[in-house]
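Undergrad: Before we start, here is the structure in question, set down as structure tokens.
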Amino acid sequence: MSTRGLILLLAACLCTVSGNLLLRAGVVAAGGFRLSSGATSQLLKLAYQPKFVSGFILYGLASLFWFSVISMENLSTAYPVLVSISFVLVTFGSVFFFGESISPQKLIGMAVILAGIVVVLRG
């Protein structure tokens, strides 16, 4: 993977991770979300929730970075790296910001994922 591709991939990843964390914070602040007959009013609540809107915007920005990445890098390399790094960062962000727990099995799994990133990037 080129240096430029890796930088753009990391930008996409950081926007994706931040977007996910803000979306969760916004949904919680708005009282949750459930697909039901009242989904329209719930969507309106989300539309007025700044954290949710910020997360949504970051997700869009992540898409723009991602489009650039996949225009210059192999998808078979870039996608596993994006997903792996995002998975690890979202997990740690969930622990830090939302007080979610992390089991020893999850830690081992994340270590395996990080090792996989190294293997994919060298392949």
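Ordering of the structure tokens sets the chain letters (A, B, ...), residue numbers begin anew at 1 in every chain, and ligands are numbered from 1 in the order given.
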Would you kindly return, as a list in words, each protein, DNA or RNA residue with an atom no farther than 10 Å from any atom of Met110 of chain A, considering only C-alpha atoms and excluding same-chain residues fewer than 2 positions away?
TA: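 Final neighbour list, sorted by chain and number: Ser84, Ile85, Phe87, Val88, Leu89, Thr91, Pro104, Gln105, Lys106, Leu107, Ile108, Val112, Ile113, Leu114, Ala115 and Gly116 of chain A.
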Undergrad: Considering only C-alpha atoms, state which residue in the set A:Tyr48, A:Phe33, A:Phe97, A:Trp66 is at the smallest distance from Val83 of chain A.
TA: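 The shortest atom-to-atom distance to Val83 of chain A comes from A:Trp66.
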Undergrad: Identify which of the residues A:Cys15, A:Gln42, A:Gly31, A:Met1 lies closest to Ile70 of chain A, counting only C-alpha atoms when measuring atom-to-atom distances.
TA: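 The closest residue to Ile70 of chain A is A:Met1.
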Undergrad: Extract, using only C-alpha atoms, all DNA, RNA and protein residues at most 9 Å from Ala78 of chain A, discarding same-chain residues fewer than 4 positions from it, and format them as a list of chain:residue names.
TA: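 Everything that qualifies: A:Met1, A:Gly5, A:Leu6, A:Leu9, A:Val69, A:Ile70, A:Glu73, A:Asn74, A:Leu82, A:Val83, A:Val120, A:Leu121.
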